[in-house]
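**Student:** Have a look at the structure that comes next, please.
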Amino acid sequence: MWIGVAALPLVTLPAALAAGAGHLRRWTGDHETGLRSFAADLRGALRGGGWAVGTGYLTALAVVGADLALVRALPVPGGRAAGSLAVLAALWLTVSLLRAATAWRPGQRWRDLLGPAARRALRDPAGSLLVVCGLVVIAASAWFSTPLALPALGVMVAATLATERRVAPVADDPVVGLRA
């Protein structure tokens, strides 16, 4: 619920996702966590460039939406292919943003996280598909019952965090020793 409330201004979405991932990492690692640590992570993620990333992400989604509207309104040759590419680009941006958010740690700048996250999104198609499935859960939850979309954001962050741990476990992760 905290992620959804923190993401209400929309431009704070990346920072809210990063704070949620930090909260989930602490909670699964048996560390003390709560609203204060979530709020501290949120402030840190916003200071590290979260506002700019959120604004850029929303701008990119607006461009994709305008492209799709244009393709639907005008019978342009190759319009369906352009629309499909626009949707794939939006999914790639979203997966990259989620992967960057789960990799964020206090003191890191978003600029340093986005490039590697975008590359991981392309190089790990199975993991990216897991994240897209998390997005489908969010969409289905919102379609079924709008209030379910808020807790489903946590499911999406958990799916992305699990994807990141599956590929490259964090050094201080207590689960590293349990990998098969």
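In the structure tokens, chains take the letters A, B, ... in the order shown, each chain's residues start at 1, and ligands count up from 1 in the order shown.
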Using only C-alpha atoms, what table do you get, as a Markdown table, when you list each residue of segment 117-143 of chain A with an atom no more than 9 Å from segment 80-97 of chain A, its nearest pair of atoms, and their distance in Å rounded to one decimal, rows by chain then rising number?
**Tutor:**
| residue | atom | partner | partner_atom | distance |
| --- | --- | --- | --- | --- |
| A:Ala117 | CA | A:Ser96 | CA | 5.2 |
| A:Ala118 | CA | A:Ser96 | CA | 4.7 |
| A:Arg119 | CA | A:Ser96 | CA | 8.0 |
| A:Arg120 | CA | A:Ser96 | CA | 7.7 |
| A:Ala121 | CA | A:Ser96 | CA | 5.8 |
| A:Leu122 | CA | A:Trp92 | CA | 7.9 |
| A:Ser128 | CA | A:Val95 | CA | 6.4 |
| A:Leu129 | CA | A:Val95 | CA | 8.9 |
| A:Val131 | CA | A:Val95 | CA | 6.4 |
| A:Val132 | CA | A:Val95 | CA | 7.1 |
**Student:** Go through A:Ile138, A:Ala52, A:Ala101, A:Ala19 and flag the residue nearest Thr160 of chain A, using only C-alpha atoms for the distances.
**Tutor:**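 Closest residue, counting only C-alpha atoms: A:Ala101.
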**Student:** Give me, as a VMD selection string, all polymer residues having an atom no more than 10 Å from Gly4 of chain A, counting only C-alpha atoms and skipping those fewer than 2 positions away in the same chain.
**Tutor:** chain A and resid 1 to 2 6 to 10 13 16 to 17 20 149 to 154
**Student:** What gap, in Å, lies between atom CA of Leu58 of chain A and atom CA of Arg26 of chain A?
**Tutor:** 28.8 Å
**Student:** Enter the distance from atom CA of Val76 of chain A to atom CA of Val64 of chain A, in Å, rounded to one decimal.
**Tutor:**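 Between these atoms lies a distance of 16.0 Å.
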